[in-house]
$ cat protein06.cif   # mmCIF, C-alpha atoms
data_structure
loop_
_atom_site.group_PDB
_atom_site.id
_atom_site.type_symbol
_atom_site.label_atom_id
_atom_site.label_comp_id
_atom_site.auth_asym_id
_atom_site.auth_seq_id
_atom_site.Cartn_x
_atom_site.Cartn_y
_atom_site.Cartn_z
ATOM 1 C CA MET A 21 -9.252 1.120 -43.839
ATOM 2 C CA SER A 22 -10.359 -1.282 -46.535
ATOM 3 C CA ALA A 23 -10.269 -5.050 -46.436
ATOM 4 C CA THR A 24 -7.339 -4.991 -48.856
ATOM 5 C CA ASP A 25 -5.127 -2.934 -46.524
ATOM 6 C CA THR A 26 -2.603 -4.959 -44.545
ATOM 7 C CA LEU A 27 -2.354 -4.629 -40.822
ATOM 8 C CA GLU A 28 0.962 -4.151 -39.100
ATOM 9 C CA PRO A 29 1.905 -6.961 -36.721
ATOM 10 C CA VAL A 30 1.065 -6.257 -33.100
ATOM 11 C CA ASN A 31 3.913 -6.491 -30.615
ATOM 12 C CA THR A 32 2.762 -7.525 -27.156
ATOM 13 C CA VAL A 33 4.776 -6.113 -24.310
ATOM 14 C CA LYS A 34 5.037 -8.274 -21.205
ATOM 15 C CA ALA A 35 5.253 -6.273 -17.993
ATOM 16 C CA TYR A 36 7.112 -7.801 -15.070
ATOM 17 C CA LEU A 37 6.733 -7.028 -11.392
ATOM 18 C CA ARG A 38 9.262 -4.564 -9.964
ATOM 19 C CA PRO A 39 12.363 -6.687 -9.272
ATOM 20 C CA ILE A 40 14.295 -6.902 -6.032
ATOM 21 C CA ASP A 41 18.060 -6.358 -5.761
ATOM 22 C CA SER A 42 19.469 -9.740 -6.835
ATOM 23 C CA GLU A 43 23.007 -8.848 -5.695
ATOM 24 C CA GLY A 44 21.700 -7.752 -2.290
ATOM 25 C CA LEU A 45 19.697 -10.985 -2.047
ATOM 26 C CA ALA A 46 22.820 -13.023 -2.881
ATOM 27 C CA ALA A 47 24.821 -11.171 -0.195
ATOM 28 C CA PHE A 48 22.039 -11.715 2.357
ATOM 29 C CA ALA A 49 21.921 -15.431 1.446
ATOM 30 C CA ALA A 50 25.714 -15.713 1.794
ATOM 31 C CA LYS A 51 25.504 -14.091 5.228
ATOM 32 C CA GLY A 52 22.876 -16.653 6.296
ATOM 33 C CA LYS A 53 24.936 -19.523 4.905
ATOM 34 C CA ALA A 54 27.997 -18.303 6.836
ATOM 35 C CA ASN A 55 26.017 -17.941 10.075
ATOM 36 C CA PRO A 56 22.957 -20.239 10.034
ATOM 37 C CA ALA A 57 22.222 -19.557 13.732
ATOM 38 C CA SER A 58 21.689 -15.817 13.178
ATOM 39 C CA ARG A 59 18.363 -14.365 14.345
ATOM 40 C CA GLY A 60 16.532 -11.080 14.017
ATOM 41 C CA THR A 61 13.892 -9.654 16.328
ATOM 42 C CA ASN A 62 10.539 -8.237 15.251
ATOM 43 C CA LYS A 63 8.951 -5.778 17.659
ATOM 44 C CA VAL A 64 5.321 -4.629 17.792
ATOM 45 C CA HIS A 65 3.596 -2.348 20.334
ATOM 46 C CA THR A 66 -0.177 -2.852 20.644
ATOM 47 C CA VAL A 67 -2.501 -0.405 22.417
ATOM 48 C CA MET A 68 -6.168 -1.171 23.051
ATOM 49 C CA GLU A 69 -8.567 1.677 22.129
ATOM 50 C CA GLY A 70 -11.728 0.108 23.528
ATOM 51 C CA GLN A 71 -14.118 -2.744 22.857
ATOM 52 C CA TYR A 72 -11.917 -4.997 20.694
ATOM 53 C CA ARG A 73 -10.257 -2.309 18.557
ATOM 54 C CA SER A 74 -6.486 -2.001 18.947
ATOM 55 C CA LEU A 75 -3.592 -0.283 17.206
ATOM 56 C CA SER A 76 -0.332 -2.154 16.632
ATOM 57 C CA THR A 77 2.682 -0.040 15.791
ATOM 58 C CA VAL A 78 5.816 -1.355 14.113
ATOM 59 C CA GLY A 79 8.687 1.116 13.987
ATOM 60 C CA ASN A 80 7.623 4.401 12.395
ATOM 61 C CA HIS A 81 4.910 2.838 10.214
ATOM 62 C CA THR A 82 1.238 3.718 10.298
ATOM 63 C CA PRO A 83 -0.388 1.590 13.014
ATOM 64 C CA VAL A 84 -2.151 -1.588 11.965
ATOM 65 C CA VAL A 85 -5.746 -1.447 13.176
ATOM 66 C CA VAL A 86 -7.245 -4.679 14.495
ATOM 67 C CA ASP A 87 -10.874 -5.227 15.474
ATOM 68 C CA GLU A 88 -13.411 -8.014 15.704
ATOM 69 C CA PRO A 89 -16.577 -8.395 13.631
ATOM 70 C CA LEU A 90 -19.952 -7.441 15.043
ATOM 71 C CA HIS A 91 -20.929 -11.047 15.808
ATOM 72 C CA LEU A 92 -17.845 -11.244 18.071
ATOM 73 C CA PHE A 93 -18.722 -7.986 19.867
ATOM 74 C CA GLY A 94 -16.344 -5.762 17.935
ATOM 75 C CA GLU A 95 -17.108 -2.754 15.779
ATOM 76 C CA ASP A 96 -15.955 -4.368 12.498
ATOM 77 C CA THR A 97 -13.779 -1.337 11.678
ATOM 78 C CA ALA A 98 -10.736 -3.394 10.671
ATOM 79 C CA PRO A 99 -9.567 -6.959 10.075
ATOM 80 C CA ALA A 100 -9.776 -9.440 12.946
ATOM 81 C CA PRO A 101 -6.570 -10.749 14.567
ATOM 82 C CA GLY A 102 -6.766 -14.066 12.686
ATOM 83 C CA GLU A 103 -7.138 -12.208 9.388
ATOM 84 C CA ILE A 104 -4.048 -10.170 10.247
ATOM 85 C CA VAL A 105 -2.181 -13.439 10.912
ATOM 86 C CA LEU A 106 -3.250 -14.743 7.495
ATOM 87 C CA SER A 107 -2.179 -11.479 5.855
ATOM 88 C CA GLY A 108 1.240 -11.880 7.492
ATOM 89 C CA LEU A 109 1.457 -15.404 6.104
ATOM 90 C CA GLY A 110 0.400 -14.209 2.650
ATOM 91 C CA GLY A 111 2.977 -11.424 2.739
ATOM 92 C CA CYS A 112 5.736 -13.783 3.864
ATOM 93 C CA LEU A 113 4.910 -16.310 1.141
ATOM 94 C CA ALA A 114 4.852 -13.548 -1.491
ATOM 95 C CA VAL A 115 8.260 -12.298 -0.301
ATOM 96 C CA GLY A 116 9.641 -15.841 -0.395
ATOM 97 C CA ILE A 117 8.267 -16.575 -3.862
ATOM 98 C CA THR A 118 9.775 -13.315 -5.129
ATOM 99 C CA ALA A 119 13.142 -14.119 -3.523
ATOM 100 C CA VAL A 120 13.275 -17.693 -4.846
ATOM 101 C CA ALA A 121 12.223 -16.564 -8.332
ATOM 102 C CA THR A 122 14.975 -13.923 -8.284
ATOM 103 C CA TRP A 123 17.501 -16.524 -7.081
ATOM 104 C CA LYS A 124 16.488 -18.824 -9.957
ATOM 105 C CA GLY A 125 16.551 -15.989 -12.507
ATOM 106 C CA VAL A 126 12.795 -16.105 -13.143
ATOM 107 C CA LYS A 127 10.988 -12.821 -13.811
ATOM 108 C CA LEU A 128 7.467 -12.704 -12.394
ATOM 109 C CA SER A 129 4.646 -10.853 -14.114
ATOM 110 C CA LYS A 130 1.876 -11.709 -11.625
ATOM 111 C CA LEU A 131 1.785 -12.939 -8.052
ATOM 112 C CA GLU A 132 -1.331 -13.241 -5.904
ATOM 113 C CA VAL A 133 -1.818 -15.293 -2.745
ATOM 114 C CA PHE A 134 -5.309 -16.321 -1.584
ATOM 115 C CA LEU A 135 -5.618 -17.601 1.976
ATOM 116 C CA GLU A 136 -8.427 -19.157 4.002
ATOM 117 C CA GLY A 137 -8.204 -20.334 7.576
ATOM 118 C CA ASP A 138 -10.695 -22.266 9.665
ATOM 119 C CA ILE A 139 -10.458 -20.834 13.173
ATOM 120 C CA GLY A 140 -12.321 -21.646 16.344
ATOM 121 C CA ASN A 141 -12.785 -19.807 19.597
ATOM 122 C CA PRO A 142 -15.121 -22.023 21.647
ATOM 123 C CA ALA A 143 -13.425 -20.909 24.891
ATOM 124 C CA ALA A 144 -14.513 -17.287 24.171
ATOM 125 C CA TRP A 145 -10.908 -16.101 24.575
ATOM 126 C CA GLY A 146 -10.837 -17.935 27.913
ATOM 127 C CA ALA A 147 -13.756 -15.922 29.277
ATOM 128 C CA GLY A 148 -15.844 -18.858 30.432
ATOM 129 C CA GLY A 149 -16.566 -20.637 27.135
ATOM 130 C CA ALA A 150 -15.484 -24.198 26.459
ATOM 131 C CA LEU A 151 -12.671 -24.093 29.029
ATOM 132 C CA GLU A 152 -12.035 -27.837 28.754
ATOM 133 C CA LYS A 153 -10.501 -27.257 25.306
ATOM 134 C CA LEU A 154 -6.754 -27.727 24.927
ATOM 135 C CA PRO A 155 -4.618 -25.168 23.065
ATOM 136 C CA ALA A 156 -4.214 -27.480 20.051
ATOM 137 C CA GLU A 157 -8.011 -27.541 19.674
ATOM 138 C CA MET A 158 -8.288 -23.758 19.452
ATOM 139 C CA GLY A 159 -7.085 -21.247 16.902
ATOM 140 C CA PHE A 160 -6.479 -22.174 13.293
ATOM 141 C CA GLN A 161 -7.425 -25.768 12.588
ATOM 142 C CA ALA A 162 -6.748 -25.654 8.840
ATOM 143 C CA ILE A 163 -5.222 -23.146 6.435
ATOM 144 C CA ARG A 164 -5.572 -23.314 2.671
ATOM 145 C CA VAL A 165 -3.347 -21.277 0.360
ATOM 146 C CA LYS A 166 -3.704 -20.874 -3.394
ATOM 147 C CA VAL A 167 -1.057 -19.013 -5.363
ATOM 148 C CA VAL A 168 -1.545 -17.401 -8.770
ATOM 149 C CA VAL A 169 1.891 -16.850 -10.256
ATOM 150 C CA GLU A 170 2.968 -16.030 -13.795
ATOM 151 C CA GLY A 171 6.419 -15.398 -15.180
ATOM 152 C CA ASP A 172 8.959 -16.322 -17.798
ATOM 153 C CA ALA A 173 9.193 -19.965 -16.684
ATOM 154 C CA PRO A 174 7.083 -23.089 -17.235
ATOM 155 C CA ARG A 175 4.331 -23.947 -14.736
ATOM 156 C CA GLU A 176 6.448 -26.767 -13.242
ATOM 157 C CA VAL A 177 9.266 -24.328 -12.400
ATOM 158 C CA LEU A 178 6.803 -21.828 -10.949
ATOM 159 C CA ASP A 179 5.343 -24.594 -8.762
ATOM 160 C CA GLU A 180 8.863 -25.545 -7.577
ATOM 161 C CA ILE A 181 9.446 -21.893 -6.655
ATOM 162 C CA VAL A 182 6.190 -21.760 -4.665
ATOM 163 C CA GLN A 183 6.912 -25.040 -2.844
ATOM 164 C CA HIS A 184 10.495 -23.985 -2.041
ATOM 165 C CA ALA A 185 9.320 -20.613 -0.698
ATOM 166 C CA ASN A 186 6.673 -22.338 1.441
ATOM 167 C CA PHE A 187 9.229 -24.769 2.904
ATOM 168 C CA TYR A 188 11.525 -21.916 3.988
ATOM 169 C CA SER A 189 8.877 -19.321 4.954
ATOM 170 C CA PRO A 190 9.545 -18.035 8.492
ATOM 171 C CA VAL A 191 5.864 -17.243 9.062
ATOM 172 C CA ALA A 192 4.597 -20.536 7.582
ATOM 173 C CA ASN A 193 7.086 -22.433 9.731
ATOM 174 C CA SER A 194 6.046 -20.445 12.814
ATOM 175 C CA MET A 195 2.479 -21.581 12.161
ATOM 176 C CA ARG A 196 3.391 -25.201 11.375
ATOM 177 C CA ASN A 197 5.775 -25.764 14.266
ATOM 178 C CA PRO A 198 5.322 -25.273 17.993
ATOM 179 C CA ILE A 199 7.437 -22.373 19.257
ATOM 180 C CA PRO A 200 8.263 -21.301 22.778
ATOM 181 C CA MET A 201 6.215 -18.318 23.910
ATOM 182 C CA THR A 202 6.320 -16.431 27.163
ATOM 183 C CA ILE A 203 3.879 -13.865 28.485
ATOM 184 C CA GLY A 204 3.861 -11.855 31.677
ATOM 185 C CA LEU A 205 3.234 -8.432 33.122
ATOM 186 C CA ALA A 206 5.679 -5.687 32.169
ATOM 187 C CA ASP A 207 7.608 -3.908 34.881
ATOM 188 C CA ALA A 208 5.551 -1.130 36.412
#
$ encode --input "protein06.cif" --output "structure tokens"
Amino acid sequence: MSATDTLEPVNTVKAYLRPIDSEGLAAFAAKGKANPASRGTNKVHTVMEGQYRSLSTVGNHTPVVVDEPLHLFGEDTAPAPGEIVLSGLGGCLAVGITAVATWKGVKLSKLEVFLEGDIGNPAAWGAGGALEKLPAEMGFQAIRVKVVVEGDAPREVLDEIVQHANFYSPVANSMRNPIPMTIGLADA
């Protein structure tokens, strides 16, 4: 091709993330609006393999493997429990951002959630460590979330979508708010 030849214009194709069913989302939202007290139940069955490695099964899915790093006496074969909690938060936020974007008619082309959590375990899981610590002083002390989101809306609208999804995230709200929890031995 010589310098005198003209180049054809290049058409850039924008790829969007696979969309969710907007009509199904609207029906689900209407159901929640009609019955705001409705609740679902998540169920997980966890079996310890040995040391700190466990398998958690949800329905018919492949078990989620949980372990602890070497410095916490695990085998480091899988994410630690706190990392699994953060992955659940990241997944919930991503679902919420996708739902809110769909509700607002915004098509997303990129969505990534980066999470960091400062966690402490000075009581050594209650095995004789700093036993004078109160529950509020243990576990996650701070969580930082950064969202990379791109779509066919201005940055201000994308930020509104992220903030709205965060406000209504079931997992984020479970982490922000105290919830009743019971634990006891199962029937023999």
$ resolve_selection --input "protein06.cif" --expression "the PyMOL selection byres ((chain A and resi 177-194) around 9)" --output "list in words"
Gly108, Leu109, Gly110, Cys112, Leu113, Ala114, Val115, Gly116, Ile117, Thr118, Ala119, Val120, Ala121, Lys124, Val126, Val167, Val169, Glu170, Gly171, Ala173, Pro174, Arg175, Glu176, Met195, Arg196, Asn197, Pro198 and Ile199 of chain A
$ residues_around --input "protein06.cif" --residues "Ser107 (chain A)" --least-positions-apart "6" --cutoff "10 Å" --atoms "all atoms listed in the file" --output "list in words"
Pro99, Pro101, Leu113, Val133, Phe134 and Leu135 of chain A
$ write_last_selection --input "protein06.cif" --atoms "C-alpha atoms" --output "compact mmCIF listing (two decimals), in the coordinates of the input"
# COMPACT_ATOMS: atom_id res chain seq x y z
CA PRO A 99 -9.57 -6.96 10.07
CA PRO A 101 -6.57 -10.75 14.57
CA LEU A 113 4.91 -16.31 1.14
CA VAL A 133 -1.82 -15.29 -2.74
CA PHE A 134 -5.31 -16.32 -1.58
CA LEU A 135 -5.62 -17.60 1.98
$ closest_residue --input "protein06.cif" --among "A:Gly52, A:Gly94, A:Pro155, A:Gly79" --to "Gly140 (chain A)" --atoms "only C-alpha atoms"
A:Pro155
$ residues_around --input "protein06.cif" --residues "Tyr72 (chain A)" --least-positions-apart "6" --cutoff "8 Å" --atoms "all atoms listed in the file" --output "number ranges by chain"
A: 86-88, 93-95
$ write_last_selection --input "protein06.cif" --atoms "C-alpha atoms" --output "tab-separated table (two decimals), keeping the file's coordinate frame"
chain	number	residue	atom	x	y	z
A	86	VAL	CA	-7.24	-4.68	14.50
A	87	ASP	CA	-10.87	-5.23	15.47
A	88	GLU	CA	-13.41	-8.01	15.70
A	93	PHE	CA	-18.72	-7.99	19.87
A	94	GLY	CA	-16.34	-5.76	17.93
A	95	GLU	CA	-17.11	-2.75	15.78
$ closest_residue --input "protein06.cif" --among "A:Lys63, A:Thr97, A:Leu90, A:Leu154" --to "Thr77 (chain A)" --atoms "only C-alpha atoms"
A:Lys63
$ closest_residue --input "protein06.cif" --among "A:Ala47, A:Val168, A:Ser76, A:Met158" --to "Ser129 (chain A)" --atoms "all atoms listed in the file"
A:Val168
$ atom_distance --input "protein06.cif" --atom1 "CA of Met201 (chain A)" --atom2 "CA of Ala156 (chain A)"
14.4 Å
$ resolve_selection --input "protein06.cif" --expression "the PyMOL selection byres ((chain A and resi 41) around 12)" --output "VMD selection string"
chain A and resid 38 to 40 42 to 48 118 to 119 122 to 123 125
$ decode --input "protein06.cif" --residues "region 22-72 of chain A" --atoms "N, CA and C atoms" --output "short mmCIF file (atom, residue, chain, number, x, y, z; two decimals), in the first residue's frame"
data_model
loop_
_atom_site.label_atom_id
_atom_site.label_comp_id
_atom_site.auth_asym_id
_atom_site.auth_seq_id
_atom_site.Cartn_x
_atom_site.Cartn_y
_atom_site.Cartn_z
N SER A 22 0.60 2.15 -0.87
CA SER A 22 1.41 3.37 -0.94
C SER A 22 0.81 4.45 -0.06
N ALA A 23 1.59 5.49 0.15
CA ALA A 23 1.14 6.60 0.99
C ALA A 23 -0.04 7.32 0.37
N THR A 24 -0.25 7.17 -0.91
CA THR A 24 -1.37 7.86 -1.57
C THR A 24 -2.68 7.08 -1.47
N ASP A 25 -2.60 5.80 -1.10
CA ASP A 25 -3.82 5.01 -0.94
C ASP A 25 -4.59 5.51 0.29
N THR A 26 -5.91 5.49 0.20
CA THR A 26 -6.71 5.90 1.35
C THR A 26 -7.12 4.67 2.15
N LEU A 27 -7.14 4.86 3.44
CA LEU A 27 -7.53 3.78 4.33
C LEU A 27 -9.02 3.85 4.60
N GLU A 28 -9.64 2.71 4.69
CA GLU A 28 -11.05 2.64 5.05
C GLU A 28 -11.19 2.99 6.52
N PRO A 29 -12.28 3.66 6.89
CA PRO A 29 -12.48 3.94 8.32
C PRO A 29 -12.63 2.64 9.11
N VAL A 30 -12.12 2.68 10.33
CA VAL A 30 -12.18 1.51 11.20
C VAL A 30 -13.42 1.64 12.08
N ASN A 31 -14.23 0.62 12.10
CA ASN A 31 -15.39 0.60 12.99
C ASN A 31 -15.04 -0.21 14.22
N THR A 32 -15.13 0.42 15.39
CA THR A 32 -14.85 -0.26 16.64
C THR A 32 -16.13 -0.88 17.16
N VAL A 33 -16.06 -2.13 17.51
CA VAL A 33 -17.22 -2.81 18.06
C VAL A 33 -17.06 -2.88 19.57
N LYS A 34 -18.08 -2.43 20.28
CA LYS A 34 -18.06 -2.46 21.74
C LYS A 34 -18.77 -3.73 22.19
N ALA A 35 -18.09 -4.55 22.95
CA ALA A 35 -18.69 -5.78 23.46
C ALA A 35 -19.23 -5.52 24.86
N TYR A 36 -20.43 -5.99 25.11
CA TYR A 36 -21.04 -5.83 26.42
C TYR A 36 -21.07 -7.17 27.13
N LEU A 37 -21.12 -7.11 28.46
CA LEU A 37 -21.21 -8.33 29.25
C LEU A 37 -22.54 -9.02 28.94
N ARG A 38 -22.60 -10.32 29.09
CA ARG A 38 -23.83 -11.07 28.85
C ARG A 38 -24.92 -10.51 29.75
N PRO A 39 -26.05 -10.09 29.19
CA PRO A 39 -27.09 -9.45 30.00
C PRO A 39 -27.90 -10.47 30.80
N ILE A 40 -28.56 -9.96 31.83
CA ILE A 40 -29.51 -10.79 32.57
C ILE A 40 -30.90 -10.54 32.00
N ASP A 41 -31.86 -11.34 32.40
CA ASP A 41 -33.24 -11.24 31.94
C ASP A 41 -33.90 -10.03 32.61
N SER A 42 -34.06 -8.94 31.89
CA SER A 42 -34.61 -7.72 32.47
C SER A 42 -36.08 -7.89 32.86
N GLU A 43 -36.84 -8.67 32.09
CA GLU A 43 -38.24 -8.91 32.45
C GLU A 43 -38.34 -9.78 33.71
N GLY A 44 -37.48 -10.78 33.82
CA GLY A 44 -37.44 -11.60 35.03
C GLY A 44 -37.03 -10.78 36.24
N LEU A 45 -36.07 -9.88 36.06
CA LEU A 45 -35.64 -9.00 37.15
C LEU A 45 -36.80 -8.11 37.59
N ALA A 46 -37.54 -7.55 36.63
CA ALA A 46 -38.68 -6.69 36.95
C ALA A 46 -39.75 -7.48 37.71
N ALA A 47 -40.01 -8.71 37.32
CA ALA A 47 -41.00 -9.54 38.01
C ALA A 47 -40.53 -9.86 39.43
N PHE A 48 -39.24 -10.17 39.58
CA PHE A 48 -38.67 -10.45 40.90
C PHE A 48 -38.77 -9.21 41.79
N ALA A 49 -38.48 -8.03 41.23
CA ALA A 49 -38.58 -6.77 41.98
C ALA A 49 -40.02 -6.50 42.40
N ALA A 50 -40.97 -6.76 41.50
CA ALA A 50 -42.39 -6.55 41.82
C ALA A 50 -42.83 -7.47 42.95
N LYS A 51 -42.33 -8.70 42.93
CA LYS A 51 -42.65 -9.66 43.99
C LYS A 51 -42.13 -9.16 45.34
N GLY A 52 -40.91 -8.62 45.35
CA GLY A 52 -40.33 -8.07 46.58
C GLY A 52 -41.08 -6.84 47.06
N LYS A 53 -41.52 -6.02 46.11
CA LYS A 53 -42.27 -4.81 46.48
C LYS A 53 -43.62 -5.20 47.09
N ALA A 54 -44.24 -6.25 46.55
CA ALA A 54 -45.54 -6.70 47.05
C ALA A 54 -45.43 -7.39 48.41
N ASN A 55 -44.27 -7.99 48.69
CA ASN A 55 -44.08 -8.70 49.95
C ASN A 55 -42.69 -8.40 50.50
N PRO A 56 -42.49 -7.20 51.07
CA PRO A 56 -41.16 -6.81 51.53
C PRO A 56 -40.61 -7.65 52.69
N ALA A 57 -41.45 -8.43 53.36
CA ALA A 57 -40.98 -9.26 54.47
C ALA A 57 -40.53 -10.64 54.01
N SER A 58 -40.57 -10.91 52.72
CA SER A 58 -40.20 -12.25 52.24
C SER A 58 -38.73 -12.54 52.50
N ARG A 59 -38.41 -13.79 52.76
CA ARG A 59 -37.04 -14.22 53.04
C ARG A 59 -36.76 -15.52 52.30
N GLY A 60 -35.52 -15.72 51.96
CA GLY A 60 -35.04 -16.99 51.42
C GLY A 60 -34.10 -17.60 52.44
N THR A 61 -33.67 -18.81 52.21
CA THR A 61 -32.74 -19.47 53.11
C THR A 61 -31.60 -20.07 52.30
N ASN A 62 -30.38 -19.70 52.62
CA ASN A 62 -29.20 -20.31 52.02
C ASN A 62 -28.74 -21.44 52.93
N LYS A 63 -28.35 -22.55 52.32
CA LYS A 63 -27.90 -23.70 53.11
C LYS A 63 -26.55 -24.17 52.60
N VAL A 64 -25.64 -24.42 53.54
CA VAL A 64 -24.29 -24.91 53.23
C VAL A 64 -23.98 -26.05 54.19
N HIS A 65 -23.33 -27.09 53.71
CA HIS A 65 -22.89 -28.21 54.55
C HIS A 65 -21.37 -28.28 54.47
N THR A 66 -20.70 -28.10 55.60
CA THR A 66 -19.24 -28.08 55.66
C THR A 66 -18.73 -29.33 56.37
N VAL A 67 -17.74 -29.98 55.76
CA VAL A 67 -17.12 -31.18 56.33
C VAL A 67 -15.61 -30.94 56.43
N MET A 68 -15.07 -31.15 57.61
CA MET A 68 -13.63 -30.97 57.83
C MET A 68 -12.89 -32.20 57.31
N GLU A 69 -11.83 -31.98 56.51
CA GLU A 69 -11.00 -33.09 56.01
C GLU A 69 -9.85 -33.39 56.95
N GLY A 70 -9.32 -32.38 57.60
CA GLY A 70 -8.16 -32.54 58.48
C GLY A 70 -7.34 -31.28 58.44
N GLN A 71 -6.51 -31.09 59.45
CA GLN A 71 -5.82 -29.83 59.69
C GLN A 71 -6.90 -28.75 59.60
N TYR A 72 -6.74 -27.77 58.73
CA TYR A 72 -7.75 -26.72 58.61
C TYR A 72 -8.46 -26.76 57.26
#
